[in-house]
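J.: Provided herewith: data.cif, mmCIF, C-alpha atoms.
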```
data_structure
#
loop_
_atom_site.label_atom_id
_atom_site.label_comp_id
_atom_site.auth_asym_id
_atom_site.auth_seq_id
_atom_site.Cartn_x
_atom_site.Cartn_y
_atom_site.Cartn_z
CA MET A 1 113.38 147.55 79.74
CA SER A 2 115.99 148.16 77.11
CA GLU A 3 118.62 145.42 77.23
CA PRO A 4 121.28 144.05 74.91
CA LYS A 5 119.75 141.62 72.44
CA PRO A 6 120.67 138.03 73.21
CA ALA A 7 122.51 135.94 70.66
CA SER A 8 120.73 133.33 68.58
CA ALA A 9 120.01 130.10 70.40
CA PRO A 10 122.62 127.36 69.95
CA PRO A 11 121.63 123.71 69.50
CA ALA A 12 120.30 121.84 72.54
CA GLY A 13 123.59 119.96 73.01
CA ALA A 14 125.53 123.22 73.24
CA ASP A 15 122.89 124.55 75.67
CA LEU A 16 123.32 121.62 78.01
CA GLU A 17 127.09 121.92 77.88
CA LEU A 18 126.84 125.63 78.76
CA VAL A 19 124.49 124.83 81.65
CA LYS A 20 127.04 122.38 83.03
CA ARG A 21 129.81 124.94 82.56
CA LEU A 22 127.80 127.66 84.31
CA ARG A 23 127.19 125.40 87.30
CA GLU A 24 130.91 124.59 87.53
CA ALA A 25 131.90 128.24 87.08
CA HIS A 26 129.45 129.27 89.80
CA ASP A 27 131.09 126.93 92.30
CA LYS A 28 134.60 128.02 91.29
CA ILE A 29 133.73 131.73 91.58
CA LYS A 30 132.35 131.24 95.07
CA GLY A 31 135.45 129.28 96.01
CA GLU A 32 137.74 132.07 94.80
CA ILE A 33 135.72 134.77 96.57
CA ARG A 34 135.84 132.80 99.83
CA LYS A 35 139.63 133.02 99.72
CA VAL A 36 139.20 136.71 100.51
CA ILE A 37 135.68 137.13 101.92
CA VAL A 38 134.64 135.31 105.10
CA GLY A 39 130.93 134.48 105.37
CA GLN A 40 128.33 136.61 103.55
CA ASP A 41 127.19 133.55 101.59
CA ALA A 42 123.73 134.97 100.91
CA VAL A 43 125.22 138.25 99.67
CA ILE A 44 127.64 136.46 97.33
CA GLU A 45 124.83 134.28 95.98
CA GLN A 46 122.52 137.23 95.31
CA VAL A 47 125.24 139.24 93.56
CA LEU A 48 126.09 136.26 91.31
CA ILE A 49 122.41 135.72 90.48
CA ALA A 50 122.08 139.39 89.49
CA ILE A 51 125.21 139.29 87.33
CA PHE A 52 124.17 136.21 85.35
CA ALA A 53 120.64 137.63 85.02
CA ARG A 54 122.21 140.84 83.59
CA GLY A 55 121.09 143.04 86.48
CA HIS A 56 122.53 145.67 88.81
CA CYS A 57 122.81 145.50 92.61
CA LEU A 58 122.46 147.95 95.48
CA LEU A 59 124.37 146.70 98.54
CA VAL A 60 123.27 148.29 101.81
CA GLY A 61 125.20 147.83 105.03
CA VAL A 62 127.21 149.64 107.67
CA PRO A 63 130.89 150.43 106.97
CA GLY A 64 133.50 147.72 107.37
CA LEU A 65 131.51 144.74 106.08
CA ALA A 66 133.75 144.16 103.02
CA LYS A 67 131.25 145.38 100.43
CA THR A 68 133.97 147.04 98.37
CA MET A 69 136.33 144.08 98.74
CA LEU A 70 133.61 141.67 97.62
CA ILE A 71 132.93 143.61 94.42
CA LYS A 72 136.62 144.05 93.60
CA THR A 73 137.32 140.34 94.18
CA LEU A 74 134.37 139.37 92.01
CA ALA A 75 135.70 141.49 89.14
CA GLN A 76 139.06 139.74 89.46
CA THR A 77 137.53 136.26 89.27
CA LEU A 78 135.62 137.28 86.14
CA SER A 79 138.60 138.89 84.37
CA LEU A 80 136.66 142.12 83.92
CA SER A 81 137.79 145.73 83.97
CA PHE A 82 136.89 147.40 87.25
CA ASN A 83 136.48 151.04 88.29
CA ARG A 84 135.55 152.42 91.67
CA ILE A 85 133.72 155.75 91.75
CA GLN A 86 133.68 157.39 95.17
CA PHE A 87 130.49 159.45 95.27
CA THR A 88 130.84 162.82 97.01
CA PRO A 89 128.65 165.93 97.24
CA ASP A 90 130.79 167.80 94.68
CA LEU A 91 130.89 165.01 92.08
CA MET A 92 129.57 166.15 88.69
CA PRO A 93 127.84 163.97 86.05
CA SER A 94 130.76 164.47 83.64
CA ASP A 95 133.11 163.12 86.32
CA ILE A 96 131.31 159.79 85.84
CA THR A 97 130.39 159.66 82.16
CA GLY A 98 133.27 161.62 80.64
CA THR A 99 133.51 164.92 78.82
CA GLU A 100 134.32 166.44 75.44
CA VAL A 101 137.43 168.58 75.14
CA ILE A 102 138.74 170.72 72.30
CA GLN A 103 141.95 169.46 70.72
CA GLU A 104 143.96 171.02 67.91
CA ASP A 105 145.17 168.89 65.00
CA LYS A 106 148.87 169.72 64.72
CA GLY A 107 148.87 168.90 61.01
CA THR A 108 145.93 171.03 59.89
CA GLY A 109 145.56 173.41 62.80
CA GLN A 110 141.87 172.51 62.93
CA ARG A 111 140.21 172.29 66.33
CA ILE A 112 138.01 169.29 66.98
CA PHE A 113 136.03 167.90 69.90
CA LYS A 114 137.33 164.67 71.39
CA PHE A 115 135.44 162.59 73.93
CA LEU A 116 137.43 161.54 76.99
CA PRO A 117 135.68 158.53 78.57
CA GLY A 118 134.94 158.69 82.28
CA PRO A 119 135.24 155.87 84.83
CA ILE A 120 131.82 154.50 83.84
CA PHE A 121 133.60 152.85 80.88
CA ALA A 122 134.46 149.58 82.59
CA ASN A 123 132.75 146.21 82.93
CA VAL A 124 132.21 146.39 86.69
CA ILE A 125 131.44 149.72 88.32
CA LEU A 126 131.55 150.14 92.07
CA ALA A 127 129.41 153.18 92.88
CA ASP A 128 130.65 153.66 96.43
CA GLU A 129 128.28 155.47 98.82
CA ILE A 130 125.95 156.41 96.00
CA ASN A 131 123.67 158.35 98.34
CA ARG A 132 126.41 160.90 99.08
CA THR A 133 126.05 162.68 95.74
CA PRO A 134 123.20 164.95 94.53
CA PRO A 135 120.34 163.57 92.39
CA LYS A 136 121.72 165.16 89.20
CA THR A 137 124.87 163.08 89.47
CA GLN A 138 122.99 159.97 90.60
CA ALA A 139 120.90 160.30 87.46
CA ALA A 140 124.04 160.14 85.31
CA LEU A 141 124.07 156.42 86.04
CA LEU A 142 120.52 155.88 84.77
CA GLU A 143 121.24 155.89 81.05
CA ALA A 144 124.29 153.68 81.49
CA MET A 145 122.39 151.17 83.64
CA GLN A 146 119.36 151.06 81.40
CA GLU A 147 120.66 151.66 77.88
CA TYR A 148 124.29 150.48 78.17
CA GLN A 149 125.48 153.73 76.64
CA VAL A 150 126.51 157.29 77.50
CA THR A 151 125.41 160.39 75.59
CA ALA A 152 127.81 163.33 75.47
CA GLY A 153 127.75 166.24 73.06
CA GLY A 154 124.79 164.70 71.25
CA ARG A 155 126.72 161.51 70.48
CA LYS A 156 126.06 158.08 71.90
CA HIS A 157 129.02 156.13 73.23
CA PRO A 158 128.29 152.42 73.82
CA LEU A 159 129.64 150.72 76.92
CA SER A 160 131.60 147.49 76.77
CA LEU A 161 129.57 144.41 77.70
CA PRO A 162 129.13 142.79 80.12
CA PHE A 163 128.34 145.83 82.26
CA PHE A 164 127.28 145.86 85.90
CA VAL A 165 126.73 148.64 88.42
CA LEU A 166 127.18 147.49 92.00
CA ALA A 167 126.39 150.40 94.30
CA THR A 168 126.92 150.63 98.05
CA GLN A 169 124.98 152.64 100.57
CA ASN A 170 125.37 153.33 104.29
CA PRO A 171 121.95 152.99 106.00
CA ILE A 172 122.83 154.60 109.34
CA GLU A 173 124.41 157.91 108.38
CA GLN A 174 121.90 160.34 106.90
CA GLU A 175 123.60 163.72 107.41
CA GLY A 176 124.95 165.05 104.13
CA THR A 177 123.30 162.34 102.04
CA TYR A 178 120.78 162.38 99.19
CA PRO A 179 118.41 159.38 99.36
CA LEU A 180 118.08 157.60 96.03
CA PRO A 181 114.77 158.43 94.30
CA GLU A 182 112.41 155.47 93.95
CA ALA A 183 112.76 155.65 90.16
CA GLN A 184 116.49 155.10 90.39
CA GLN A 185 116.20 152.38 93.04
CA ASP A 186 113.87 150.55 90.66
CA ARG A 187 116.74 150.26 88.15
CA PHE A 188 118.58 147.99 90.55
CA MET A 189 117.54 144.38 90.19
CA PHE A 190 118.43 143.53 93.80
CA HIS A 191 118.59 145.47 97.05
CA VAL A 192 121.06 143.30 98.98
CA LYS A 193 121.29 143.64 102.76
CA VAL A 194 124.81 143.13 104.11
CA ASP A 195 124.58 142.14 107.78
CA TYR A 196 127.15 141.78 110.55
CA PRO A 197 129.17 138.55 110.57
CA THR A 198 128.60 135.84 113.17
CA GLU A 199 131.06 135.51 116.05
CA THR A 200 132.80 132.57 114.35
CA GLU A 201 133.05 134.48 111.07
CA GLU A 202 134.39 137.58 112.79
CA LEU A 203 137.13 135.53 114.48
CA GLU A 204 138.13 134.14 111.07
CA ILE A 205 138.08 137.65 109.59
CA MET A 206 140.55 138.75 112.24
CA ARG A 207 142.87 135.86 111.41
CA VAL A 208 142.73 136.44 107.65
CA THR A 209 142.96 140.23 107.55
CA THR A 210 145.80 140.53 110.10
CA ALA A 211 148.00 137.83 108.51
CA PRO A 212 151.17 138.88 106.63
CA THR A 213 150.04 137.35 103.31
CA ARG A 214 146.90 137.71 101.22
CA ALA A 215 145.24 135.04 99.12
CA GLU A 216 145.66 135.17 95.34
CA VAL A 217 142.43 135.06 93.35
CA SER A 218 142.32 133.10 90.08
CA ILE A 219 140.39 134.03 86.95
CA VAL A 220 137.39 131.78 86.31
CA LEU A 221 135.52 133.36 83.36
CA SER A 222 136.18 135.90 80.63
CA GLY A 223 133.82 138.62 79.47
CA ASP A 224 132.78 136.60 76.40
CA ASP A 225 132.07 133.60 78.64
CA ILE A 226 129.78 135.71 80.81
CA LEU A 227 127.83 137.02 77.80
CA ALA A 228 127.28 133.46 76.56
CA LEU A 229 126.17 132.29 80.00
CA GLN A 230 123.84 135.28 80.41
CA ASP A 231 122.24 134.24 77.15
CA ILE A 232 121.65 130.69 78.37
CA VAL A 233 120.03 132.00 81.56
CA ARG A 234 117.50 133.92 79.46
CA ARG A 235 116.49 130.70 77.69
CA VAL A 236 115.66 128.76 80.85
CA PRO A 237 112.00 127.72 80.52
CA VAL A 238 109.36 128.86 83.00
CA ALA A 239 106.03 127.08 83.51
CA ASP A 240 102.85 129.17 83.36
CA GLU A 241 102.05 128.41 86.98
CA VAL A 242 105.41 129.88 88.06
CA LEU A 243 104.80 132.99 85.96
CA ARG A 244 101.36 133.37 87.50
CA TYR A 245 102.80 133.00 91.00
CA ALA A 246 105.32 135.80 90.36
CA VAL A 247 102.54 138.03 89.00
CA ARG A 248 100.27 137.30 92.00
CA LEU A 249 103.09 138.08 94.41
CA VAL A 250 103.79 141.48 92.86
CA ARG A 251 100.17 142.45 92.33
CA ALA A 252 99.48 141.69 96.01
CA THR A 253 101.80 144.59 96.93
CA ARG A 254 99.59 147.21 95.26
CA LEU A 255 97.22 148.82 97.71
CA ARG A 256 93.56 149.42 96.98
CA THR A 257 93.44 146.75 94.27
CA PRO A 258 91.39 143.53 94.33
CA GLU A 259 94.60 141.49 94.70
CA ALA A 260 96.01 143.51 97.63
CA ALA A 261 96.37 141.74 100.95
CA PRO A 262 94.62 143.48 103.90
CA PHE A 263 97.92 144.29 105.62
CA VAL A 264 99.17 145.88 102.39
CA ASN A 265 96.30 148.39 102.45
CA GLU A 266 97.19 149.13 106.07
CA TRP A 267 100.99 149.47 105.77
CA VAL A 268 101.92 150.31 102.17
CA SER A 269 101.83 153.67 100.42
CA TRP A 270 103.18 152.38 97.10
CA GLY A 271 103.62 148.88 95.69
CA ALA A 272 105.93 147.24 93.17
CA GLY A 273 105.65 147.79 89.42
CA PRO A 274 105.96 145.35 86.48
CA ARG A 275 109.77 145.53 86.55
CA ALA A 276 109.61 143.64 89.86
CA THR A 277 107.85 140.73 88.13
CA GLN A 278 110.45 140.70 85.38
CA TYR A 279 113.27 140.56 87.91
CA LEU A 280 111.55 137.83 89.94
CA ILE A 281 111.47 135.67 86.82
CA LEU A 282 115.02 136.52 85.71
CA GLY A 283 116.35 135.99 89.23
CA GLY A 284 114.51 132.68 89.41
CA LYS A 285 116.01 131.60 86.08
CA ALA A 286 119.54 132.45 87.17
CA ARG A 287 119.12 130.72 90.54
CA ALA A 288 117.78 127.55 88.94
CA ILE A 289 120.63 127.30 86.44
CA LEU A 290 123.30 128.17 89.01
CA GLU A 291 122.02 125.26 91.09
CA GLY A 292 122.10 122.95 88.07
CA ARG A 293 118.33 122.70 87.55
CA PRO A 294 116.87 123.00 84.03
CA ALA A 295 113.67 124.88 84.88
CA VAL A 296 112.33 127.45 87.37
CA SER A 297 110.15 126.54 90.34
CA THR A 298 108.10 128.74 92.67
CA GLU A 299 110.80 128.14 95.29
CA ASP A 300 113.26 130.03 93.05
CA ILE A 301 110.83 132.96 92.91
CA ARG A 302 110.44 132.93 96.69
CA ALA A 303 114.23 132.82 97.19
CA VAL A 304 114.73 136.13 95.32
CA ALA A 305 111.56 137.85 96.54
CA HIS A 306 113.18 139.85 99.36
CA PRO A 307 116.06 141.41 97.36
CA VAL A 308 113.72 142.14 94.44
CA LEU A 309 110.82 143.61 96.41
CA ARG A 310 112.29 145.26 99.53
CA HIS A 311 113.18 148.50 97.71
CA ARG A 312 110.04 148.53 95.60
CA ILE A 313 107.54 148.50 98.47
CA ILE A 314 107.19 151.91 100.12
CA THR A 315 105.79 151.75 103.64
CA ASN A 316 103.53 154.45 105.12
CA PHE A 317 103.51 156.25 108.46
CA HIS A 318 101.43 153.56 110.17
CA ALA A 319 103.98 150.88 109.24
CA GLU A 320 106.89 152.98 110.46
CA ALA A 321 105.12 153.72 113.74
CA GLU A 322 104.60 150.00 114.31
CA GLY A 323 108.15 149.07 113.29
CA ILE A 324 106.97 147.32 110.12
CA THR A 325 109.54 147.23 107.30
CA SER A 326 109.23 146.26 103.66
CA ASP A 327 110.98 142.98 104.54
CA THR A 328 108.21 142.25 107.06
CA ILE A 329 105.62 142.80 104.35
CA VAL A 330 107.44 140.56 101.85
CA THR A 331 107.63 137.80 104.46
CA ARG A 332 103.88 138.12 105.11
CA LEU A 333 103.19 138.02 101.37
CA LEU A 334 105.21 134.81 100.99
CA GLU A 335 103.10 133.30 103.77
CA THR A 336 99.74 134.37 102.34
CA VAL A 337 99.98 134.45 98.52
CA PRO A 338 99.00 130.96 97.32
CA ARG A 339 101.24 128.90 95.07
CA THR A 340 100.44 125.76 93.15
CA GLU A 341 102.83 123.08 91.99
CA GLY A 342 101.43 121.18 89.05
CA LYS A 343 103.25 119.39 86.25
CA GLY A 344 106.82 120.52 85.79
CA LEU A 345 108.33 121.24 82.39
CA ALA A 346 110.28 117.99 82.40
CA ASP A 347 107.10 116.03 83.13
CA ALA A 348 105.37 117.80 80.26
CA GLY A 349 108.06 116.62 77.83
CA ILE A 350 109.68 120.00 77.24
CA PRO A 351 113.46 119.80 76.57
CA ALA A 352 115.70 120.90 79.42
CA VAL A 353 116.96 124.24 78.08
CA LEU A 354 115.09 125.29 74.98
CA GLY A 355 113.04 128.20 76.34
CA SER A 356 112.61 131.47 74.53
CA ALA A 357 115.56 133.87 74.58
CA ASP A 358 113.18 136.84 74.59
CA ALA A 359 112.99 138.75 77.85
CA GLN A 360 112.27 142.40 78.37
#
```
Once you've parsed the file, please lay out its structure as structure tokens.

T.:
Amino acid sequence: MSEPKPASAPPAGADLELVKRLREAHDKIKGEIRKVIVGQDAVIEQVLIAIFARGHCLLVGVPGLAKTMLIKTLAQTLSLSFNRIQFTPDLMPSDITGTEVIQEDKGTGQRIFKFLPGPIFANVILADEINRTPPKTQAALLEAMQEYQVTAGGRKHPLSLPFFVLATQNPIEQEGTYPLPEAQQDRFMFHVKVDYPTETEELEIMRVTTAPTRAEVSIVLSGDDILALQDIVRRVPVADEVLRYAVRLVRATRLRTPEAAPFVNEWVSWGAGPRATQYLILGGKARAILEGRPAVSTEDIRAVAHPVLRHRIITNFHAEAEGITSDTIVTRLLETVPRTEGKGLADAGIPAVLGSADAQ
């Protein structure tokens, strides 16, 4: 995957200080978001993991579950520019990326092309109801998500970093929608399920949202802070046994291979590709650091397995007839794929945060 190149590694002392700062910032961000959002702890955690791992998120849930509010509040706590793009059937690619217009120089009378940036030129992009627009327009996001740039009129226009696309999708209304192609879904690091609140949470939502005043959200991090913290996440070390566990987990999703579980051959028409393994590792790194731990464990990999794999495992007719979902398959894989816990990195004498900054 093409990603921005991380900065050069700072000394170990600076690393450890950044790790401490990231842990503190993580707690503060969640505290600020909870001023506005009631519940949805797992959703908030997964979105934060994706952001610090430099990934994009697809949030799927019925209307009214505060998906838009969550993303907007998050942008406020991170002091980032925010644009909401409402996807509709008549939305054109240039409505997202921008367009070139002819302007006349009043001094010389010469006509020149000038690029007018579209709403994609912001740090946080809310792609609202992304499945309501045709594939041609959906594809306009691909280059921005993958290459952090937009091409118009043969010229490349870089996007400001950090850059995140957080897309929402309604799973129950299919009329007039265009399901995201698997290739585009694969660009999203996480597929986050947004469920209904509990009864207690819903009561609190009623109290908060019907009150005369709204909570003020404070800024926790700047854009430069986020870039530095993303860099430190990439340098979190990963033991070989954890890497092997992530590889085994993904390879077990591929039917008709020696590693495939029997139920995979029965229920799956297409398994996850290598990008899934990359995101399992990056998600595990971000989760470990956000919890204040200096290295990744298999438990970190397991914690991000569902949001990483649920949109990368395509079930077949037999699975659908039996009510088997991709989440069911991921749960079965976590129960059956073996994991081993040997010596940790700390036990092996490896410094806390001096891993390689290289990650695809």

J.: Could you give me, as a list in words, the residues within 10 Å of Ala183 in chain A, counting all atoms listed in the file and dropping anything in the same chain fewer than 5 positions from it?

T.: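 The residues that qualify are Ala139, Leu142, Phe188 and Arg312 of chain A.
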
J.: Write the residues of the preceding selection, restricted to C-alpha atoms, as a short mmCIF file (atom, residue, chain, number, x, y, z; two decimals), in the coordinates of the input.

T.:
```
data_model
loop_
_atom_site.label_atom_id
_atom_site.label_comp_id
_atom_site.auth_asym_id
_atom_site.auth_seq_id
_atom_site.Cartn_x
_atom_site.Cartn_y
_atom_site.Cartn_z
CA ALA A 139 120.90 160.30 87.46
CA LEU A 142 120.52 155.88 84.77
CA PHE A 188 118.58 147.99 90.55
CA ARG A 312 110.04 148.53 95.60
#
```

J.: Find the spatial neighbours of Pro117 in chain A, counting all atoms listed in the file, within a cut-off of 7 Å - ignore same-chain residues fewer than 4 positions away - and output them as a PyMOL selection string.

T.: chain A and resi 97-99+121

J.: Please list as a ChimeraX atom specification every residue within 8 Å of Thr298 in chain A, counting only C-alpha atoms and excluding residues in the same chain fewer than 6 positions away.

T.: /A:242,245-246,339,341

J.: Which residue is closest to Ser218 in chain A? Choose from A:Leu22, A:Ala261, A:Leu78, A:Ile281 and count only C-alpha atoms.

T.: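 Comparing A:Leu22, A:Ala261, A:Leu78, A:Ile281 against Ser218 in chain A, the winner is A:Leu78.
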
J.: For range 72-124 of chain A versus range 40-59 of chain A, which residues have an atom no more than 12 Å away, and what is each residue's nearest atom pair and distance in Å rounded to one decimal, using only C-alpha atoms, chain-then-number order, as JSON lines?

T.:
```
{"residue": "A:Thr73", "atom": "CA", "partner": "A:Ile44", "partner_atom": "CA", "distance": 10.9}
{"residue": "A:Leu74", "atom": "CA", "partner": "A:Leu48", "partner_atom": "CA", "distance": 8.9}
{"residue": "A:Ala75", "atom": "CA", "partner": "A:Ile51", "partner_atom": "CA", "distance": 10.9}
{"residue": "A:Thr77", "atom": "CA", "partner": "A:Leu48", "partner_atom": "CA", "distance": 11.6}
{"residue": "A:Leu78", "atom": "CA", "partner": "A:Ile51", "partner_atom": "CA", "distance": 10.7}
{"residue": "A:Asn123", "atom": "CA", "partner": "A:Ile51", "partner_atom": "CA", "distance": 11.1}
{"residue": "A:Val124", "atom": "CA", "partner": "A:His56", "partner_atom": "CA", "distance": 9.9}
```

J.: Using only C-alpha atoms, which residues sit within 12 Å of Trp267 in chain A once same-chain residues fewer than 3 positions away are excluded, as JSON, numbers by chain?

T.: {"A": [253, 254, 255, 256, 260, 261, 262, 263, 264, 270, 271, 313, 314, 315, 316, 317, 318, 319, 320, 321, 322, 323, 324, 325, 326, 327, 328, 329, 330, 332]}

J.: Evaluating the PyMOL selection byres ((chain A and resi 93) around 12) on the displayed file yields which residues, as a ChimeraX atom specification?

T.: /A:85,87-92,94-99,118-120,133-144,150-152

J.: At what distance in Å, to one decimal, does CA of Val308 in chain A lie from CA of Pro179 in chain A?

T.: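 Answer for the CA of Pro179 in chain A to CA of Val308 in chain A separation: 18.5 Å.
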